[in-house]
Amino acid sequence: MDTCTAIVGINWGDEGKGRIVDLLTEDFDVVVRYQGGGNAGHTIVNRYGEFTLHLLPSGVFRKNVVNILGNGVALDPEHLTQEINALREKGVSITPNNVMISERASLLMPWHRRLDALEEARLKDKKMDTTRKGIGPFYSDKYQKKTILAGELFYPEVLKQHLNELREWKNLILTGVYNDEAETEEEIDNWVKNYCEPLKPFIRNTSTFLADALWNHKRILFEGTLGALRDLDFGIYPYTTSSNVLASYAPIGSGMPFATVERVIGVVKAYSSCVGAGPFVCEIFGDEAEHLRKIGNEYGHRPHRVGPIDLVATRYGVKIQHATEIALTKLDVLSDMDEIPLCVRYKLYGREVDDMPFPSVLDRCEPVIETVKGWKCNISNVRNWWDLPVEAQEYVKKIENSIGCIIKWISVGPERHSIIRRG
Ligand code: GDP
């Protein structure tokens, strides 16, 4: 077993990473979140019930797994407190022994959420369709070096001064730019007391913990959120998230810049789905889209855009994640189709292209579609590759050949055991 492994999304997010992480966490000692915050959710179905985790790493359900929120995470104390309480109510143990927060993680403040919503409202029909969780304003402030680090909570007089400085600056923007209400010192003090103080037992120097873990050959899993096409630097900018989601960033955002990621498990969905605005070459509409959305349960807090698998985008995702193996999810969703379409290339300015075009011209691309025969039977109880209908095997192999990476797991349902291990 390799020491450092990452599980990451290859597409636009919502590939079903949560269930793959949940399945594989039994092989790991430490699970680390290295970027993102309340904007991304992992859905996990297990013996405790169904959970959507936004901030906590997915190893929280496993005994003896240490879960770490790294320095790269947008640490939203309010959101995290709610998540911890919800899990505890269902009987999941959350203690400073199994959950640790990096002292170098920055706090996502109430003004970040407010500014996110205010800017979306200002943009009206040109809005970015953000999740309004404050992620964009948070990372902008981090790059401006205007955030509070979690470790500051241990130094009240330093914290107070820093909070006041930042609050005064933010109030200039809230009132002057957006004509909205200022944040008062009392409101922020209460927020710190209610949501940050209770988190103090979890906050520590997680880098030294991880360095020891690495030294002792503990198995470390980096848990990515969203997907490659949402990476700030290499995704479909500006319709990306505001952080780096790629596996190569995992050691930095986790607090172990000295580590090497040896295995990268990329999660690919058997068809395409995308949430929010931005180019989505394979998008289908009307009844056909509604049908796929329904069977795939592609809703969330807004209906997902859907389409056939996009092999151009998936190939690109595999490349920039540097995936060493693939988990293909939701194959069961395609089971009632007579023919299954795949987008094999794009057509751009009259020419067919195999490689991902520059983001600014993506909305000028058209998909080139090929179809394969469907299998037309329920595969959700299949657990063995050789028991899959030959048409389903052909579909998987066509994807594998096109993306140039081995598909090792095929998921045929949301539950932990609904998986086919290959090879
Ligand atoms: P993530 O953001 O990549 O972790 O993806 P989500 O947590 O949003 O997962 C997407 C949804 O797909 C969740 O409701 C999962 O329970 C569900 N799901 C995951 N894998 C499968 C699968 O193989 N088949 C079916 N039918 N649903 C799945």
# chains A, B, ... in the order shown; residues from 1 in each chain; ligands from 1
>>> residues_near_ligand(ligand="ligand 1", cutoff="9 Å", atoms="only C-alpha atoms and all ligand atoms", output="ChimeraX atom specification")
/A:8-9,12-21,40-45,50-53,224-227,267-270,295-300,328-333,380,410-416,418-419
>>> closest_atom_pairs(of="range 249-288 of chain A", to="range 29-37 of chain A", cutoff="9 Å", atoms="only C-alpha atoms", output="CSV")
residue,atom,partner,partner_atom,distance
A:Tyr249,CA,A:Tyr34,CA,7.9
A:Ala250,CA,A:Tyr34,CA,5.6
A:Pro251,CA,A:Tyr34,CA,7.7
A:Ile252,CA,A:Tyr34,CA,7.7
A:Gly253,CA,A:Tyr34,CA,4.4
A:Ser254,CA,A:Tyr34,CA,4.6
A:Gly255,CA,A:Tyr34,CA,8.1
>>> atom_distance(atom1="CA of Glu187 in chain A", atom2="CA of Ser242 in chain A")
27.1 Å
>>> atom_distance(atom1="CA of Thr130 in chain A", atom2="CA of Gly49 in chain A")
28.4 Å
>>> closest_residue(among="A:Tyr395, A:Glu78, A:Val361, A:Tyr143", to="Tyr237 in chain A", atoms="only C-alpha atoms")
A:Val361
>>> select_by_dssp(residues="range 253-397 of chain A", states="helix (DSSP H, G or I)", output="JSON, numbers by chain")
{"A": [253, 254, 286, 287, 288, 289, 290, 291, 292, 293, 294, 295, 296, 311, 312, 313, 314, 315, 316, 317, 318, 319, 320, 321, 331, 332, 333, 334, 359, 360, 361, 362, 363, 364, 385, 386, 387, 390, 391, 392, 393, 394, 395, 396, 397]}
>>> closest_atom_pairs(of="range 201-285 of chain A", to="range 89-97 of chain A", cutoff="9 Å", atoms="only C-alpha atoms", output="JSON lines")
{"residue": "A:Pro201", "atom": "CA", "partner": "A:Pro96", "partner_atom": "CA", "distance": 6.1}
{"residue": "A:Phe202", "atom": "CA", "partner": "A:Pro96", "partner_atom": "CA", "distance": 4.8}
{"residue": "A:Ile203", "atom": "CA", "partner": "A:Pro96", "partner_atom": "CA", "distance": 8.2}
>>> write_last_selection(atoms="N, CA and C atoms", output="PDB file, in the first residue's frame")
ATOM      1  N   PRO A 201     -10.843  22.997  20.886  1.00  0.00           N
ATOM      2  CA  PRO A 201     -10.192  21.708  21.205  1.00  0.00           C
ATOM      3  C   PRO A 201      -9.723  20.932  19.971  1.00  0.00           C
ATOM      4  N   PHE A 202     -10.294  21.252  18.806  1.00  0.00           N
ATOM      5  CA  PHE A 202      -9.928  20.511  17.585  1.00  0.00           C
ATOM      6  C   PHE A 202      -8.735  21.140  16.862  1.00  0.00           C
ATOM      7  N   ILE A 203      -8.416  22.388  17.238  1.00  0.00           N
ATOM      8  CA  ILE A 203      -7.405  23.139  16.470  1.00  0.00           C
ATOM      9  C   ILE A 203      -6.007  22.851  16.998  1.00  0.00           C
TER      10      ILE A 203
END
>>> residues_around(residues="range 114-124 of chain A", least_positions_apart="5", cutoff="9 Å", atoms="only C-alpha atoms", output="list in words")
Asp129, Thr130, Thr131, Arg132, Lys133, Gly134, Ile135, Gly136, Pro137, Ile173, Leu174, Tyr178 and Asp180 of chain A
>>> write_last_selection(atoms="all heavy atoms", output="mmCIF file, in the first residue's frame")
data_model
loop_
_atom_site.group_PDB
_atom_site.id
_atom_site.type_symbol
_atom_site.label_atom_id
_atom_site.label_comp_id
_atom_site.auth_asym_id
_atom_site.auth_seq_id
_atom_site.Cartn_x
_atom_site.Cartn_y
_atom_site.Cartn_z
ATOM 1 N N ASP A 129 -23.816 32.425 -10.457
ATOM 2 C CA ASP A 129 -24.541 31.269 -9.931
ATOM 3 C C ASP A 129 -23.711 30.558 -8.866
ATOM 4 O O ASP A 129 -23.562 29.334 -8.894
ATOM 5 C CB ASP A 129 -24.882 30.307 -11.084
ATOM 6 C CG ASP A 129 -26.322 29.840 -10.978
ATOM 7 O OD1 ASP A 129 -26.993 30.220 -10.012
ATOM 8 O OD2 ASP A 129 -26.749 29.082 -11.867
ATOM 9 N N THR A 130 -23.136 31.307 -7.970
ATOM 10 C CA THR A 130 -22.321 30.696 -6.905
ATOM 11 C C THR A 130 -23.242 30.029 -5.890
ATOM 12 O O THR A 130 -24.464 30.232 -5.913
ATOM 13 C CB THR A 130 -21.477 31.749 -6.148
ATOM 14 O OG1 THR A 130 -22.333 32.493 -5.273
ATOM 15 C CG2 THR A 130 -20.770 32.703 -7.097
ATOM 16 N N THR A 131 -22.646 29.283 -4.963
ATOM 17 C CA THR A 131 -23.452 28.636 -3.924
ATOM 18 C C THR A 131 -23.792 29.620 -2.801
ATOM 19 O O THR A 131 -24.493 29.278 -1.868
ATOM 20 C CB THR A 131 -22.684 27.444 -3.314
ATOM 21 O OG1 THR A 131 -21.413 27.932 -2.870
ATOM 22 C CG2 THR A 131 -22.488 26.332 -4.318
ATOM 23 N N ARG A 132 -23.255 30.826 -2.884
ATOM 24 C CA ARG A 132 -23.471 31.888 -1.881
ATOM 25 C C ARG A 132 -22.997 31.484 -0.493
ATOM 26 O O ARG A 132 -23.525 31.920 0.517
ATOM 27 C CB ARG A 132 -24.946 32.311 -1.838
ATOM 28 C CG ARG A 132 -25.386 32.993 -3.116
ATOM 29 C CD ARG A 132 -26.883 33.250 -3.123
ATOM 30 N NE ARG A 132 -27.306 33.949 -4.329
ATOM 31 C CZ ARG A 132 -27.362 33.406 -5.532
ATOM 32 N NH1 ARG A 132 -27.001 32.161 -5.716
ATOM 33 N NH2 ARG A 132 -27.772 34.108 -6.569
ATOM 34 N N LYS A 133 -21.995 30.628 -0.457
ATOM 35 C CA LYS A 133 -21.433 30.208 0.835
ATOM 36 C C LYS A 133 -20.225 31.070 1.208
ATOM 37 O O LYS A 133 -19.517 30.773 2.155
ATOM 38 C CB LYS A 133 -20.988 28.733 0.784
ATOM 39 C CG LYS A 133 -22.074 27.772 0.382
ATOM 40 C CD LYS A 133 -22.965 27.437 1.545
ATOM 41 C CE LYS A 133 -23.829 26.243 1.197
ATOM 42 N NZ LYS A 133 -25.154 26.294 1.695
ATOM 43 N N GLY A 134 -19.934 32.059 0.392
ATOM 44 C CA GLY A 134 -18.845 32.979 0.737
ATOM 45 C C GLY A 134 -17.470 32.540 0.265
ATOM 46 O O GLY A 134 -16.455 33.141 0.639
ATOM 47 N N ILE A 135 -17.433 31.519 -0.571
ATOM 48 C CA ILE A 135 -16.141 30.923 -0.941
ATOM 49 C C ILE A 135 -15.268 31.893 -1.756
ATOM 50 O O ILE A 135 -14.072 32.048 -1.476
ATOM 51 C CB ILE A 135 -16.362 29.602 -1.720
ATOM 52 C CG1 ILE A 135 -17.196 28.625 -0.882
ATOM 53 C CG2 ILE A 135 -15.046 28.974 -2.140
ATOM 54 C CD1 ILE A 135 -16.573 28.176 0.408
ATOM 55 N N GLY A 136 -15.860 32.553 -2.762
ATOM 56 C CA GLY A 136 -15.090 33.490 -3.586
ATOM 57 C C GLY A 136 -14.510 34.629 -2.751
ATOM 58 O O GLY A 136 -13.291 34.858 -2.757
ATOM 59 N N PRO A 137 -15.362 35.367 -2.003
ATOM 60 C CA PRO A 137 -14.826 36.441 -1.151
ATOM 61 C C PRO A 137 -13.797 35.933 -0.140
ATOM 62 O O PRO A 137 -12.805 36.600 0.156
ATOM 63 C CB PRO A 137 -16.074 36.972 -0.435
ATOM 64 C CG PRO A 137 -17.194 36.668 -1.381
ATOM 65 C CD PRO A 137 -16.822 35.367 -2.038
ATOM 66 N N ILE A 173 -16.708 48.283 2.609
ATOM 67 C CA ILE A 173 -17.220 47.662 1.374
ATOM 68 C C ILE A 173 -18.727 47.402 1.495
ATOM 69 O O ILE A 173 -19.501 47.705 0.587
ATOM 70 C CB ILE A 173 -16.440 46.366 1.064
ATOM 71 C CG1 ILE A 173 -14.945 46.702 0.917
ATOM 72 C CG2 ILE A 173 -16.958 45.696 -0.207
ATOM 73 C CD1 ILE A 173 -14.026 45.514 0.897
ATOM 74 N N LEU A 174 -19.133 46.848 2.642
ATOM 75 C CA LEU A 174 -20.558 46.522 2.828
ATOM 76 C C LEU A 174 -21.431 47.771 2.710
ATOM 77 O O LEU A 174 -22.468 47.756 2.051
ATOM 78 C CB LEU A 174 -20.778 45.874 4.202
ATOM 79 C CG LEU A 174 -20.297 44.423 4.361
ATOM 80 C CD1 LEU A 174 -20.276 44.015 5.834
ATOM 81 C CD2 LEU A 174 -21.207 43.468 3.586
ATOM 82 N N TYR A 178 -21.946 48.329 -1.436
ATOM 83 C CA TYR A 178 -23.242 47.640 -1.585
ATOM 84 C C TYR A 178 -24.403 48.339 -0.867
ATOM 85 O O TYR A 178 -25.527 47.833 -0.892
ATOM 86 C CB TYR A 178 -23.114 46.198 -1.080
ATOM 87 C CG TYR A 178 -22.185 45.375 -1.946
ATOM 88 C CD1 TYR A 178 -20.890 45.075 -1.523
ATOM 89 C CD2 TYR A 178 -22.592 44.937 -3.202
ATOM 90 C CE1 TYR A 178 -20.023 44.335 -2.328
ATOM 91 C CE2 TYR A 178 -21.730 44.199 -4.000
ATOM 92 C CZ TYR A 178 -20.453 43.901 -3.564
ATOM 93 O OH TYR A 178 -19.616 43.171 -4.363
ATOM 94 N N ASP A 180 -25.197 48.417 2.176
ATOM 95 C CA ASP A 180 -25.826 47.477 3.105
ATOM 96 C C ASP A 180 -25.406 47.817 4.539
ATOM 97 O O ASP A 180 -24.631 48.736 4.774
ATOM 98 C CB ASP A 180 -25.410 46.043 2.740
ATOM 99 C CG ASP A 180 -26.483 45.036 3.099
ATOM 100 O OD1 ASP A 180 -27.620 45.182 2.636
ATOM 101 O OD2 ASP A 180 -26.167 44.106 3.858
#
>>> select_by_dssp(residues="range 190-247 of chain A", states="strand (DSSP E or B)", output="MDAnalysis selection string")
chainID A and resid 203:204 220:223
>>> write_last_selection(atoms="N, CA, C and O atoms", output="PDB file, in the first residue's frame")
ATOM      1  N   ILE A 203      -8.416  22.388  17.238  1.00  0.00           N
ATOM      2  CA  ILE A 203      -7.405  23.139  16.470  1.00  0.00           C
ATOM      3  C   ILE A 203      -6.007  22.851  16.998  1.00  0.00           C
ATOM      4  O   ILE A 203      -5.759  22.902  18.210  1.00  0.00           O
ATOM      5  N   ARG A 204      -5.086  22.554  16.100  1.00  0.00           N
ATOM      6  CA  ARG A 204      -3.711  22.248  16.513  1.00  0.00           C
ATOM      7  C   ARG A 204      -2.773  22.367  15.306  1.00  0.00           C
ATOM      8  O   ARG A 204      -3.190  22.655  14.189  1.00  0.00           O
ATOM      9  N   ILE A 220      -2.232   7.773   4.162  1.00  0.00           N
ATOM     10  CA  ILE A 220      -2.893   9.084   4.174  1.00  0.00           C
ATOM     11  C   ILE A 220      -3.719   9.262   2.898  1.00  0.00           C
ATOM     12  O   ILE A 220      -3.223   9.027   1.795  1.00  0.00           O
ATOM     13  N   LEU A 221      -4.968   9.671   3.091  1.00  0.00           N
ATOM     14  CA  LEU A 221      -5.864   9.897   1.945  1.00  0.00           C
ATOM     15  C   LEU A 221      -6.219  11.378   1.856  1.00  0.00           C
ATOM     16  O   LEU A 221      -6.709  11.969   2.811  1.00  0.00           O
ATOM     17  N   PHE A 222      -5.945  11.971   0.702  1.00  0.00           N
ATOM     18  CA  PHE A 222      -6.346  13.356   0.446  1.00  0.00           C
ATOM     19  C   PHE A 222      -7.704  13.313  -0.250  1.00  0.00           C
ATOM     20  O   PHE A 222      -7.841  12.688  -1.305  1.00  0.00           O
ATOM     21  N   GLU A 223      -8.673  13.991   0.346  1.00  0.00           N
ATOM     22  CA  GLU A 223     -10.033  13.941  -0.190  1.00  0.00           C
ATOM     23  C   GLU A 223     -10.351  15.237  -0.931  1.00  0.00           C
ATOM     24  O   GLU A 223     -10.508  16.294  -0.323  1.00  0.00           O
TER      25      GLU A 223
END
>>> closest_atom_pairs(of="range 297-403 of chain A", to="range 230-234 of chain A", cutoff="12 Å", atoms="only C-alpha atoms", output="Markdown table")
| residue | atom | partner | partner_atom | distance |
| --- | --- | --- | --- | --- |
| A:Ala313 | CA | A:Arg230 | CA | 11.5 |
| A:Tyr316 | CA | A:Phe234 | CA | 9.8 |
| A:Gly317 | CA | A:Phe234 | CA | 9.4 |
| A:Lys319 | CA | A:Phe234 | CA | 10.9 |
| A:Ile320 | CA | A:Phe234 | CA | 7.8 |
| A:Gln321 | CA | A:Asp231 | CA | 10.0 |
| A:Met356 | CA | A:Phe234 | CA | 10.8 |
| A:Pro357 | CA | A:Phe234 | CA | 11.6 |
| A:Phe358 | CA | A:Phe234 | CA | 10.0 |
| A:Pro359 | CA | A:Phe234 | CA | 9.2 |
>>> residues_around(residues="range 105-107 of chain A", least_positions_apart="5", cutoff="8 Å", atoms="only C-alpha atoms", output="PyMOL selection string")
chain A and resi 69-77+142+147-151
>>> write_last_selection(atoms="N, CA, C and O atoms", output="PDB file, in the first residue's frame")
ATOM      1  N   LEU A  69      -8.849  18.777   8.751  1.00  0.00           N
ATOM      2  CA  LEU A  69      -9.194  19.912   7.894  1.00  0.00           C
ATOM      3  C   LEU A  69      -7.918  20.722   7.735  1.00  0.00           C
ATOM      4  O   LEU A  69      -7.433  21.330   8.695  1.00  0.00           O
ATOM      5  N   GLY A  70      -7.368  20.726   6.543  1.00  0.00           N
ATOM      6  CA  GLY A  70      -6.055  21.333   6.325  1.00  0.00           C
ATOM      7  C   GLY A  70      -6.101  22.839   6.168  1.00  0.00           C
ATOM      8  O   GLY A  70      -7.173  23.459   6.133  1.00  0.00           O
ATOM      9  N   ASN A  71      -4.916  23.430   6.030  1.00  0.00           N
ATOM     10  CA  ASN A  71      -4.789  24.881   5.919  1.00  0.00           C
ATOM     11  C   ASN A  71      -5.461  25.453   4.672  1.00  0.00           C
ATOM     12  O   ASN A  71      -5.825  26.621   4.631  1.00  0.00           O
ATOM     13  N   GLY A  72      -5.655  24.611   3.638  1.00  0.00           N
ATOM     14  CA  GLY A  72      -6.237  25.103   2.381  1.00  0.00           C
ATOM     15  C   GLY A  72      -7.756  25.200   2.406  1.00  0.00           C
ATOM     16  O   GLY A  72      -8.370  25.711   1.469  1.00  0.00           O
ATOM     17  N   VAL A  73      -8.359  24.712   3.479  1.00  0.00           N
ATOM     18  CA  VAL A  73      -9.826  24.657   3.557  1.00  0.00           C
ATOM     19  C   VAL A  73     -10.398  26.029   3.932  1.00  0.00           C
ATOM     20  O   VAL A  73      -9.776  26.787   4.673  1.00  0.00           O
ATOM     21  N   ALA A  74     -11.584  26.345   3.412  1.00  0.00           N
ATOM     22  CA  ALA A  74     -12.315  27.549   3.842  1.00  0.00           C
ATOM     23  C   ALA A  74     -13.107  27.150   5.084  1.00  0.00           C
ATOM     24  O   ALA A  74     -14.188  26.572   4.977  1.00  0.00           O
ATOM     25  N   LEU A  75     -12.530  27.433   6.237  1.00  0.00           N
ATOM     26  CA  LEU A  75     -13.089  26.920   7.495  1.00  0.00           C
ATOM     27  C   LEU A  75     -14.258  27.798   7.948  1.00  0.00           C
ATOM     28  O   LEU A  75     -14.047  28.886   8.491  1.00  0.00           O
ATOM     29  N   ASP A  76     -15.458  27.296   7.723  1.00  0.00           N
ATOM     30  CA  ASP A  76     -16.673  28.027   8.087  1.00  0.00           C
ATOM     31  C   ASP A  76     -17.149  27.466   9.433  1.00  0.00           C
ATOM     32  O   ASP A  76     -17.761  26.400   9.498  1.00  0.00           O
ATOM     33  N   PRO A  77     -16.854  28.171  10.543  1.00  0.00           N
ATOM     34  CA  PRO A  77     -17.129  27.609  11.875  1.00  0.00           C
ATOM     35  C   PRO A  77     -18.610  27.337  12.108  1.00  0.00           C
ATOM     36  O   PRO A  77     -18.965  26.345  12.756  1.00  0.00           O
ATOM     37  N   LYS A 142      -8.022  35.741   1.415  1.00  0.00           N
ATOM     38  CA  LYS A 142      -6.839  34.966   1.815  1.00  0.00           C
ATOM     39  C   LYS A 142      -5.635  35.429   0.987  1.00  0.00           C
ATOM     40  O   LYS A 142      -4.547  35.624   1.518  1.00  0.00           O
ATOM     41  N   THR A 147      -7.302  37.512   6.277  1.00  0.00           N
ATOM     42  CA  THR A 147      -8.172  36.540   6.962  1.00  0.00           C
ATOM     43  C   THR A 147      -7.616  36.269   8.363  1.00  0.00           C
ATOM     44  O   THR A 147      -6.457  36.553   8.651  1.00  0.00           O
ATOM     45  N   ILE A 148      -8.476  35.679   9.186  1.00  0.00           N
ATOM     46  CA  ILE A 148      -8.086  35.271  10.546  1.00  0.00           C
ATOM     47  C   ILE A 148      -7.712  33.798  10.483  1.00  0.00           C
ATOM     48  O   ILE A 148      -8.468  32.975   9.948  1.00  0.00           O
ATOM     49  N   LEU A 149      -6.550  33.445  11.029  1.00  0.00           N
ATOM     50  CA  LEU A 149      -6.166  32.039  11.087  1.00  0.00           C
ATOM     51  C   LEU A 149      -6.783  31.394  12.332  1.00  0.00           C
ATOM     52  O   LEU A 149      -6.889  32.040  13.386  1.00  0.00           O
ATOM     53  N   ALA A 150      -7.154  30.116  12.206  1.00  0.00           N
ATOM     54  CA  ALA A 150      -7.796  29.424  13.333  1.00  0.00           C
ATOM     55  C   ALA A 150      -6.947  29.516  14.603  1.00  0.00           C
ATOM     56  O   ALA A 150      -7.474  29.675  15.707  1.00  0.00           O
ATOM     57  N   GLY A 151      -5.635  29.447  14.453  1.00  0.00           N
ATOM     58  CA  GLY A 151      -4.736  29.489  15.616  1.00  0.00           C
ATOM     59  C   GLY A 151      -4.807  30.789  16.394  1.00  0.00           C
ATOM     60  O   GLY A 151      -4.433  30.839  17.579  1.00  0.00           O
TER      61      GLY A 151
END
>>> residues_around(residues="range 163-167 of chain A", least_positions_apart="5", cutoff="12 Å", atoms="only C-alpha atoms", output="short mmCIF file (atom, residue, chain, number, x, y, z; two decimals) with N, CA, C and O atoms, in the first residue's frame")
data_model
loop_
_atom_site.label_atom_id
_atom_site.label_comp_id
_atom_site.auth_asym_id
_atom_site.auth_seq_id
_atom_site.Cartn_x
_atom_site.Cartn_y
_atom_site.Cartn_z
N LEU A 107 -10.44 31.46 8.74
CA LEU A 107 -11.87 31.41 9.08
C LEU A 107 -12.71 32.10 8.02
O LEU A 107 -12.42 33.24 7.62
N MET A 109 -15.71 34.12 7.46
CA MET A 109 -16.46 35.00 8.36
C MET A 109 -17.87 35.27 7.82
O MET A 109 -18.12 35.11 6.61
N PRO A 110 -18.77 35.76 8.69
CA PRO A 110 -20.14 36.06 8.22
C PRO A 110 -20.12 37.04 7.05
O PRO A 110 -20.96 36.95 6.15
N TRP A 111 -19.14 37.98 7.02
CA TRP A 111 -19.14 38.95 5.91
C TRP A 111 -18.81 38.29 4.57
O TRP A 111 -19.18 38.82 3.53
N HIS A 112 -18.13 37.16 4.58
CA HIS A 112 -17.84 36.50 3.30
C HIS A 112 -19.12 36.02 2.64
O HIS A 112 -19.33 36.19 1.44
N ASP A 141 -9.87 37.20 -0.03
CA ASP A 141 -9.27 37.79 1.17
C ASP A 141 -8.01 37.05 1.60
O ASP A 141 -7.05 37.65 2.08
N LYS A 142 -8.02 35.74 1.42
CA LYS A 142 -6.84 34.97 1.81
C LYS A 142 -5.64 35.43 0.99
O LYS A 142 -4.55 35.62 1.52
N GLN A 144 -5.31 38.26 -0.31
CA GLN A 144 -4.97 39.64 0.11
C GLN A 144 -4.36 39.65 1.51
O GLN A 144 -4.08 40.70 2.05
N LYS A 145 -4.25 38.47 2.11
CA LYS A 145 -3.72 38.31 3.47
C LYS A 145 -4.59 39.05 4.49
O LYS A 145 -4.10 39.69 5.39
N LYS A 146 -5.89 38.95 4.28
CA LYS A 146 -6.83 39.62 5.18
C LYS A 146 -7.83 38.61 5.75
O LYS A 146 -9.04 38.79 5.64
N THR A 147 -7.30 37.51 6.28
CA THR A 147 -8.17 36.54 6.96
C THR A 147 -7.62 36.27 8.36
O THR A 147 -6.46 36.55 8.65
N ILE A 148 -8.48 35.68 9.19
CA ILE A 148 -8.09 35.27 10.55
C ILE A 148 -7.71 33.80 10.48
O ILE A 148 -8.47 32.98 9.95
N LEU A 149 -6.55 33.44 11.03
CA LEU A 149 -6.17 32.04 11.09
C LEU A 149 -6.78 31.39 12.33
O LEU A 149 -6.89 32.04 13.39
N GLU A 152 -5.30 31.85 15.77
CA GLU A 152 -5.41 33.14 16.47
C GLU A 152 -6.42 33.07 17.61
O GLU A 152 -6.41 33.92 18.51
N LEU A 153 -7.32 32.10 17.55
CA LEU A 153 -8.33 31.96 18.61
C LEU A 153 -7.69 31.74 19.98
O LEU A 153 -8.30 31.98 21.01
N TYR A 155 -5.14 33.38 21.08
CA TYR A 155 -4.51 34.62 21.53
C TYR A 155 -5.54 35.75 21.48
O TYR A 155 -5.57 36.53 20.53
N PRO A 156 -6.41 35.84 22.52
CA PRO A 156 -7.58 36.72 22.47
C PRO A 156 -7.26 38.18 22.15
O PRO A 156 -7.99 38.82 21.39
N GLU A 157 -6.15 38.71 22.72
CA GLU A 157 -5.92 40.14 22.47
C GLU A 157 -5.46 40.39 21.04
O GLU A 157 -5.84 41.37 20.40
N VAL A 158 -4.70 39.44 20.46
CA VAL A 158 -4.28 39.54 19.05
C VAL A 158 -5.53 39.41 18.17
O VAL A 158 -5.74 40.17 17.22
N LEU A 172 -16.45 49.13 5.21
CA LEU A 172 -16.33 50.14 4.14
C LEU A 172 -16.95 49.58 2.85
O LEU A 172 -17.62 50.29 2.10
N ILE A 173 -16.71 48.28 2.61
CA ILE A 173 -17.22 47.66 1.37
C ILE A 173 -18.73 47.40 1.50
O ILE A 173 -19.50 47.71 0.59
N LEU A 174 -19.13 46.85 2.64
CA LEU A 174 -20.56 46.52 2.83
C LEU A 174 -21.43 47.77 2.71
O LEU A 174 -22.47 47.76 2.05
N THR A 175 -21.00 48.85 3.34
CA THR A 175 -21.83 50.06 3.34
C THR A 175 -21.56 50.92 2.09
O THR A 175 -22.48 51.38 1.44
N ALA A 182 -23.61 47.65 8.24
CA ALA A 182 -22.28 47.33 8.76
C ALA A 182 -22.38 46.19 9.77
O ALA A 182 -23.44 45.95 10.35
N GLU A 183 -21.28 45.47 9.97
CA GLU A 183 -21.21 44.45 11.03
C GLU A 183 -20.79 45.16 12.32
O GLU A 183 -19.84 45.95 12.30
N THR A 184 -21.45 44.86 13.44
CA THR A 184 -21.04 45.50 14.70
C THR A 184 -20.04 44.62 15.42
O THR A 184 -19.97 43.39 15.18
N GLU A 185 -19.28 45.24 16.34
CA GLU A 185 -18.29 44.48 17.12
C GLU A 185 -18.99 43.40 17.94
O GLU A 185 -18.51 42.27 18.04
N GLU A 186 -20.16 43.75 18.46
CA GLU A 186 -20.90 42.80 19.30
C GLU A 186 -21.34 41.56 18.49
O GLU A 186 -21.22 40.42 18.94
N GLU A 187 -21.82 41.82 17.27
CA GLU A 187 -22.26 40.69 16.42
C GLU A 187 -21.09 39.73 16.16
O GLU A 187 -21.25 38.51 16.26
N ILE A 188 -19.94 40.30 15.84
CA ILE A 188 -18.79 39.44 15.54
C ILE A 188 -18.30 38.73 16.81
O ILE A 188 -17.99 37.53 16.78
N ASP A 189 -18.29 39.44 17.95
CA ASP A 189 -17.87 38.81 19.21
C ASP A 189 -18.78 37.62 19.54
O ASP A 189 -18.32 36.55 19.95
N TRP A 191 -20.55 35.87 17.46
CA TRP A 191 -20.32 34.81 16.46
C TRP A 191 -19.08 33.99 16.84
O TRP A 191 -19.09 32.77 16.78
N VAL A 192 -18.03 34.70 17.27
CA VAL A 192 -16.80 33.99 17.68
C VAL A 192 -17.10 33.11 18.90
O VAL A 192 -16.69 31.95 18.96
#
>>> atom_distance(atom1="CA of Ile101 in chain A", atom2="CA of Asn190 in chain A")
21.2 Å
